[in-house]
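Source file: start35.txt; contents: compact mmCIF, C-alpha atoms and all ligand atoms.
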```txt
# COMPACT_ATOMS: atom_id res chain seq x y z
CA MET P 221 5.49 -14.74 1.31
CA LEU P 222 3.69 -13.22 4.28
CA VAL P 223 1.37 -10.29 3.68
CA LYS P 224 0.76 -8.34 6.88
CA PHE P 225 -2.04 -5.81 6.93
CA VAL P 226 -0.46 -3.62 9.60
CA GLY P 227 -2.74 -0.69 8.80
CA VAL P 228 -5.83 -0.70 6.59
CA GLY P 229 -7.41 2.53 7.85
CA THR P 230 -7.89 6.01 6.45
CA ALA P 231 -7.12 9.52 7.63
CA VAL P 232 -10.15 9.37 9.96
CA LYS P 233 -10.08 5.90 11.52
CA GLY P 234 -7.79 3.01 12.40
CA ILE P 235 -4.10 2.47 11.82
CA GLN P 236 -3.39 4.19 8.54
CA SER P 237 -2.01 2.57 5.39
CA CYS P 238 0.82 0.10 5.93
CA ILE P 239 1.24 -3.32 4.34
CA VAL P 240 4.32 -5.41 5.05
CA LEU P 241 5.49 -8.03 2.54
CA GLU P 242 7.88 -10.55 3.98
CA GLY P 243 9.79 -13.09 1.89
CA GLU P 244 12.48 -15.59 2.84
CA ASN P 245 15.14 -12.93 3.37
CA THR P 246 13.47 -9.65 2.50
CA LYS P 247 10.97 -7.48 4.31
CA ILE P 248 9.41 -4.31 2.88
CA ALA P 249 6.61 -1.99 3.92
CA VAL P 250 4.30 -0.42 1.37
CA ASP P 251 3.30 2.91 2.95
CA ILE P 252 3.78 3.84 6.56
CA GLY P 253 0.85 5.95 7.72
CA ALA P 254 0.16 7.16 11.26
CA GLY P 255 -0.04 4.46 13.89
CA SER P 256 1.76 1.83 11.88
CA ILE P 257 5.14 2.21 13.59
CA ALA P 258 3.69 0.87 16.85
CA ARG P 259 2.92 -2.45 15.11
CA LEU P 260 5.94 -2.64 12.85
CA ASP P 261 9.24 -4.51 13.11
CA PHE P 262 11.99 -1.99 12.35
CA ASP P 263 14.21 -4.45 10.45
CA LEU P 264 12.86 -3.47 7.04
CA ASP P 265 14.92 -3.61 3.85
CA ALA P 266 12.92 -0.84 2.20
CA VAL P 267 9.84 1.33 2.51
CA LEU P 268 7.81 1.93 -0.64
CA ILE P 269 5.62 5.02 -0.49
CA THR P 270 2.66 5.14 -2.88
CA HIS P 271 2.22 8.91 -2.50
CA ASN P 272 2.97 11.72 -0.11
CA HIS P 273 -0.32 12.11 1.69
CA SER P 274 0.14 11.97 5.45
CA ASP P 275 -2.03 8.87 5.93
CA HIS P 276 0.55 7.02 3.80
CA ASN P 277 3.89 8.43 4.94
CA SER P 278 3.62 10.12 8.33
CA ASP P 279 5.42 7.43 10.35
CA LEU P 280 8.43 7.48 8.03
CA ILE P 281 10.43 10.00 10.09
CA PRO P 282 9.58 8.20 13.36
CA LEU P 283 10.77 4.94 11.76
CA LEU P 284 14.04 6.55 10.62
CA LYS P 285 14.56 7.94 14.12
CA ALA P 286 13.90 4.57 15.76
CA ARG P 287 16.34 2.88 13.38
CA TRP P 288 19.01 5.51 14.12
CA LEU P 289 18.58 5.01 17.89
CA LEU P 290 18.74 1.24 17.52
CA GLY P 291 21.81 1.32 15.28
CA TYR P 292 20.25 0.08 12.06
CA GLU P 293 21.86 0.53 8.66
CA LYS P 294 20.65 2.90 5.97
CA LEU P 295 17.05 2.47 4.82
CA ASP P 296 16.10 2.47 1.15
CA ILE P 297 12.97 4.49 0.46
CA TYR P 298 11.15 4.36 -2.88
CA GLY P 299 8.50 6.75 -4.06
CA VAL P 300 7.10 8.98 -6.76
CA ARG P 301 8.99 11.91 -8.22
CA GLY P 302 9.37 14.51 -5.49
CA THR P 303 9.60 12.07 -2.61
CA LYS P 304 13.20 13.05 -1.83
CA ALA P 305 12.32 16.76 -1.84
CA PHE P 306 9.28 16.06 0.30
CA LEU P 307 11.29 14.19 2.94
CA GLU P 308 14.09 16.75 2.97
CA SER P 309 11.64 19.59 3.49
CA ALA P 310 9.81 17.69 6.26
CA LEU P 311 13.18 17.13 7.95
CA GLU P 312 13.91 20.87 7.97
CA SER P 313 11.56 20.98 10.96
CA TYR P 314 13.76 18.45 12.75
CA ALA P 315 17.22 19.92 12.20
CA TYR P 316 18.66 17.85 15.09
CA LEU P 317 17.78 14.66 13.22
CA ARG P 318 18.82 15.42 9.68
CA ARG P 319 22.44 14.31 9.87
CA LYS P 320 21.70 11.36 12.11
CA LEU P 321 19.12 9.62 9.95
CA LYS P 322 20.45 7.19 7.38
CA PHE P 323 18.42 6.74 4.21
CA ASP P 324 18.49 6.85 0.42
CA VAL P 325 15.47 7.95 -1.58
CA HIS P 326 14.96 6.38 -5.01
CA GLU P 327 12.43 7.63 -7.52
CA THR P 328 12.81 4.84 -10.09
CA ARG P 329 9.87 2.88 -11.43
CA SER P 330 11.54 -0.52 -11.64
CA PHE P 331 13.88 -1.90 -9.00
CA LYS P 332 14.91 -4.87 -6.90
CA VAL P 333 14.86 -5.17 -3.13
CA GLY P 334 16.51 -8.42 -2.04
CA GLU P 335 14.47 -11.26 -3.53
CA PHE P 336 11.65 -8.95 -4.66
CA ASP P 337 11.30 -7.50 -8.14
CA VAL P 338 9.23 -4.34 -7.96
CA LYS P 339 7.51 -2.28 -10.60
CA ALA P 340 5.68 0.98 -9.98
CA ILE P 341 2.59 1.91 -12.00
CA PRO P 342 1.44 5.56 -12.05
CA THR P 343 -2.13 5.80 -10.75
CA LYS P 344 -4.91 8.38 -10.73
CA HIS P 345 -5.18 10.37 -7.50
CA SER P 346 -5.29 14.01 -6.37
CA ILE P 347 -1.46 14.09 -6.26
CA GLU P 348 1.18 12.01 -8.05
CA SER P 349 0.76 8.45 -6.83
CA GLN P 350 1.81 4.96 -7.80
CA ALA P 351 0.83 1.34 -7.28
CA TYR P 352 3.44 -1.35 -6.72
CA VAL P 353 3.72 -4.80 -8.26
CA VAL P 354 5.92 -6.98 -6.05
CA SER P 355 7.02 -10.43 -7.11
CA ASP P 356 9.31 -13.03 -5.56
CA GLY P 357 9.30 -15.08 -8.75
CA ASN P 358 6.55 -17.29 -7.38
CA VAL P 359 3.88 -15.00 -5.99
CA THR P 360 2.90 -11.56 -7.32
CA ILE P 361 1.16 -8.99 -5.13
CA VAL P 362 -0.21 -5.65 -6.31
CA VAL P 363 -0.83 -2.76 -3.89
CA SER P 364 -2.87 0.04 -5.46
CA GLY P 365 -2.37 2.92 -3.04
CA ASP P 366 -5.00 5.64 -3.34
CA THR P 367 -6.46 5.75 -6.82
CA TYR P 368 -9.44 5.83 -9.09
CA PRO P 369 -9.48 2.31 -10.56
CA ILE P 370 -7.34 2.06 -13.69
CA GLU P 371 -6.79 -0.67 -16.23
CA ASP P 372 -2.99 -0.59 -15.81
CA VAL P 373 -3.42 -1.82 -12.23
CA LEU P 374 -6.41 -4.15 -12.54
CA SER P 375 -5.05 -5.93 -15.60
CA VAL P 376 -1.83 -7.04 -13.92
CA GLU P 377 -1.73 -10.82 -13.61
CA CYS P 378 -1.29 -11.35 -9.89
CA ASP P 379 -2.13 -13.68 -7.04
CA LEU P 380 -3.43 -10.90 -4.83
CA LEU P 381 -4.62 -7.40 -5.66
CA ILE P 382 -4.77 -5.17 -2.59
CA HIS P 383 -6.96 -2.29 -3.72
CA GLU P 384 -8.41 0.75 -2.03
CA MET P 385 -12.21 1.04 -1.70
CA SER P 386 -12.45 4.45 -0.07
CA LEU P 387 -16.05 5.30 -0.78
CA PRO P 388 -19.47 3.64 -0.94
CA PHE P 389 -22.08 3.67 -3.69
CA GLY P 390 -23.10 6.92 -5.32
CA TYR P 391 -19.97 9.03 -4.79
CA GLU P 392 -18.64 11.01 -7.74
CA THR P 393 -14.86 11.09 -7.52
CA ASN P 394 -11.87 10.87 -9.84
CA ASP P 395 -9.36 10.37 -7.02
CA HIS P 396 -10.65 7.31 -5.20
CA THR P 397 -12.47 4.03 -5.78
CA THR P 398 -16.17 3.34 -5.42
CA PRO P 399 -17.93 -0.01 -5.93
CA GLU P 400 -19.29 1.24 -9.27
CA SER P 401 -15.98 2.50 -10.67
CA PHE P 402 -14.25 -0.72 -9.60
CA ALA P 403 -16.98 -2.88 -11.12
CA ASP P 404 -16.63 -1.03 -14.44
CA LEU P 405 -13.13 -2.49 -14.83
CA LEU P 406 -13.79 -6.04 -13.67
CA ASP P 407 -13.77 -7.30 -17.26
CA VAL P 408 -10.05 -6.58 -17.52
CA CYS P 409 -9.19 -7.77 -14.02
CA LYS P 410 -6.61 -10.56 -13.97
CA ALA P 411 -6.14 -10.85 -10.20
CA LYS P 412 -6.84 -14.24 -8.64
CA LYS P 413 -7.99 -12.67 -5.39
CA ILE P 414 -8.92 -9.11 -4.44
CA VAL P 415 -8.71 -7.64 -0.98
CA PHE P 416 -9.95 -4.15 -0.14
CA VAL P 417 -8.32 -1.69 2.24
CA HIS P 418 -8.52 2.06 2.96
CA MET P 419 -12.28 2.17 3.47
CA TYR P 420 -13.82 5.29 4.98
CA PRO P 421 -16.44 4.63 7.68
CA MET P 422 -19.33 5.22 5.26
CA ALA P 423 -17.91 2.52 2.97
CA LEU P 424 -17.37 0.12 5.87
CA GLU P 425 -21.00 0.63 6.88
CA VAL P 426 -22.08 -1.04 3.65
CA LYS P 427 -19.20 -3.47 3.25
CA ASP P 428 -21.42 -6.54 2.85
CA GLU P 429 -23.46 -4.81 0.14
CA ILE P 430 -20.24 -3.82 -1.67
CA LEU P 431 -18.98 -7.43 -1.70
CA LYS P 432 -22.37 -8.76 -2.81
CA TYR P 433 -22.60 -6.18 -5.58
CA LEU P 434 -19.13 -7.01 -6.90
CA ARG P 435 -19.76 -10.77 -6.77
CA ARG P 436 -22.89 -10.24 -8.83
CA ARG P 437 -20.92 -8.21 -11.39
CA LYS P 438 -18.11 -10.77 -11.68
CA ASP P 439 -17.59 -13.96 -9.75
CA LEU P 440 -14.15 -13.40 -8.24
CA SER P 441 -12.76 -13.82 -4.76
CA TYR P 442 -13.20 -10.51 -2.89
CA TYR P 443 -12.86 -9.68 0.74
CA ILE P 444 -12.02 -6.87 3.12
CA ALA P 445 -8.76 -6.90 5.08
CA ARG P 446 -8.84 -6.60 8.84
CA GLU P 447 -6.27 -4.54 10.72
CA GLY P 448 -3.44 -6.81 11.84
CA GLU P 449 -4.43 -9.72 9.61
CA VAL P 450 -1.64 -11.83 8.10
CA ILE P 451 -1.90 -13.88 4.91
CA ASN P 452 0.58 -16.66 4.25
CA THR P 453 0.53 -16.90 0.47
CA ALA P 454 1.80 -20.50 0.50
CA TYR P 455 -1.39 -21.69 2.22
CA GLN P 456 -3.99 -19.06 1.51
CA LEU P 457 -3.44 -18.13 -2.12
CA LYS P 458 -2.14 -21.21 -3.88
CA ALA P 459 -4.92 -23.60 -2.85
ZN ZN P 501 -4.15 9.97 -0.83
ZN ZN P 502 -5.14 7.67 1.75
```

Kindly present the structure from the file in C-alpha cells form.
Amino acid sequence: MLVKFVGVGTAVKGIQSCIVLEGENTKIAVDIGAGSIARLDFDLDAVLITHNHSDHNSDLIPLLKARWLLGYEKLDIYGVRGTKAFLESALESYAYLRRKLKFDVHETRSFKVGEFDVKAIPTKHSIESQAYVVSDGNVTIVVSGDTYPIEDVLSVECDLLIHEMSLPFGYETNDHTTPESFADLLDVCKAKKIVFVHMYPMALEVKDEILKYLRRRKDLSYYIAREGEVINTAYQLKA
C-alpha cells in the first residue's frame, strides 16, 4: 500500500488534512482540506471525512466539480452522522452544481471500499468526529483525525498510526492532542509505528523535543510526516 501525505497542515499553515491510501486497485482519501485538490489525483474510489471542520473537508465540493467536468463516475463519500446534511446544505450555495455532481454519502461505521476493509471509531473532538482503520488484509493503517487521544484508537493493532499532534507541551485541551495527553496512553498503544500530522506552528517549533519526550516515555518508532511524503508500506513498514 502507498500512504501519501498530501496535506499534513492545519487551518493556519500548509496544505490542510489529506492522506491518500493507495492499494493494488483501490485509492481513497482520508479528509480533503483546503489546498489538497491541487496535489490530488481525481481518480479516487472514495473520500472518507473524519469530521466536518473546513480544514478537513473544504476541497470536497471542488473535487466533485472537477470529477463532473472530467466525466468521472459517482464518488462514494463516508463520514460521521450529519455528513450528508452538511454537504447538501453547503451545496445550496452552488445551486448550478447540485444536479450535476454525482456522489453518495454513507454514514455507516463499517464498510468496504474495493480491497480495503474500513472501520470508523468515534473520537473526542469539539464536534462529532471519527478515526478510520483501513486494512487491505496485509497492512493496517489508522488515521486519527482531530481528537484528544483515546484508548479506542491507540489500542488498535496496526502497522502505522497516523495521529494528530496539534499542540505543544502545557496546553489544556479536551479536543486535541498534546505530547502529555498522548504519552499518558502509550501503555495501551499497539501501533508498530506512529507518525504525527496536523501540528500547529507552536507544536512544530518544538517538534524535536516532542519526539525526544515520547521516546523517553516509551521506546516506539515516532516521526513527523512531511507534506507530500509517500510511504510504501512494503518497504518502509515491514522491515
Ligand atoms: Zn477539527
Ligand atoms: Zn483540524

What gap, in Å, lies between CA of Lys432 in chain P and CA of Leu457 in chain P?
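So the two atoms, CA of Lys432 in chain P and CA of Leu457 in chain P, lie 21.1 Å apart.
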
Can you work out which one of P:Pro421, P:Gly243, P:Gly234, P:Gly390 has the shortest atom-to-atom distance to Leu222 in chain P, counting only C-alpha atoms?
P:Gly243

Could you pull out the residues sitting within 9 Å of ligand ZN 501 (chain P), using all atoms listed in the file, and write them as JSON, numbers by chain?
{"P": [231, 270, 271, 272, 273, 274, 275, 276, 345, 346, 347, 349, 365, 366, 367, 395, 396]}

Next, the residues of the selection above should be written as a PDB file, in the frame of the given file with C-alpha atoms.
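For reference, again20.pdb as written:
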```
ATOM      1  CA  ALA P 231      -7.120   9.520   7.630  1.00  0.00           C
ATOM      2  CA  THR P 270       2.660   5.140  -2.880  1.00  0.00           C
ATOM      3  CA  HIS P 271       2.220   8.910  -2.500  1.00  0.00           C
ATOM      4  CA  ASN P 272       2.970  11.720  -0.110  1.00  0.00           C
ATOM      5  CA  HIS P 273      -0.320  12.110   1.690  1.00  0.00           C
ATOM      6  CA  SER P 274       0.140  11.970   5.450  1.00  0.00           C
ATOM      7  CA  ASP P 275      -2.030   8.870   5.930  1.00  0.00           C
ATOM      8  CA  HIS P 276       0.550   7.020   3.800  1.00  0.00           C
ATOM      9  CA  HIS P 345      -5.180  10.370  -7.500  1.00  0.00           C
ATOM     10  CA  SER P 346      -5.290  14.010  -6.370  1.00  0.00           C
ATOM     11  CA  ILE P 347      -1.460  14.090  -6.260  1.00  0.00           C
ATOM     12  CA  SER P 349       0.760   8.450  -6.830  1.00  0.00           C
ATOM     13  CA  GLY P 365      -2.370   2.920  -3.040  1.00  0.00           C
ATOM     14  CA  ASP P 366      -5.000   5.640  -3.340  1.00  0.00           C
ATOM     15  CA  THR P 367      -6.460   5.750  -6.820  1.00  0.00           C
ATOM     16  CA  ASP P 395      -9.360  10.370  -7.020  1.00  0.00           C
ATOM     17  CA  HIS P 396     -10.650   7.310  -5.200  1.00  0.00           C
TER      18      HIS P 396
END
```

Excluding Leu381 in chain P and residues on its chain fewer than 2 positions from it, collect all residues at most 12 Å away from it, counting all atoms listed in the file, and give them as a ChimeraX atom specification.
/P:223,351-354,359-365,369,373-379,383-384,409-417,440-445,457

Residues within 9 Å of (-4.6, -7.7, 12.8), file coords, all atoms listed in the file, listed as a PDB file with C-alpha atoms, in the coordinates of the input:
```
ATOM      1  CA  LYS P 224       0.760  -8.340   6.880  1.00  0.00           C
ATOM      2  CA  PHE P 225      -2.040  -5.810   6.930  1.00  0.00           C
ATOM      3  CA  VAL P 226      -0.460  -3.620   9.600  1.00  0.00           C
ATOM      4  CA  GLY P 227      -2.740  -0.690   8.800  1.00  0.00           C
ATOM      5  CA  ALA P 445      -8.760  -6.900   5.080  1.00  0.00           C
ATOM      6  CA  ARG P 446      -8.840  -6.600   8.840  1.00  0.00           C
ATOM      7  CA  GLU P 447      -6.270  -4.540  10.720  1.00  0.00           C
ATOM      8  CA  GLY P 448      -3.440  -6.810  11.840  1.00  0.00           C
ATOM      9  CA  GLU P 449      -4.430  -9.720   9.610  1.00  0.00           C
ATOM     10  CA  VAL P 450      -1.640 -11.830   8.100  1.00  0.00           C
TER      11      VAL P 450
END
```

Would you kindly return, as a PyMOL selection string, each protein, DNA or RNA residue with an atom no farther than 12 Å from any atom of Leu311 in chain P, considering all atoms listed in the file and excluding same-chain residues fewer than 4 positions away?
chain P and resi 278+280-282+284-285+304-307+315-321

Find the distance between CA of Tyr433 in chain P and CA of Val232 in chain P and write it in Å to one decimal.
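The value is 25.3 Å.
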
Exercise: Met419 in chain P partners within 9 Å, only C-alpha atoms, chain neighbours under 2 positions left out, as number ranges by chain:
P: 228-230, 384-388, 416-417, 421-424, 427

Would you mind reading off the distance between CA of Leu268 in chain P and CA of Gln456 in chain P, one decimal, in Å?
24.2 Å

Considering all atoms listed in the file, can you say which of P:Gly334, P:Gly255, P:Gly357, P:Gly299 comes closest to Val267 in chain P?
P:Gly299

Which of these residues is nearest to ligand ZN 502 (chain P), using all atoms listed in the file: P:His418, P:Glu293, P:Asn358, P:Leu260?
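Under the stated criterion, the closest residue is P:His418.
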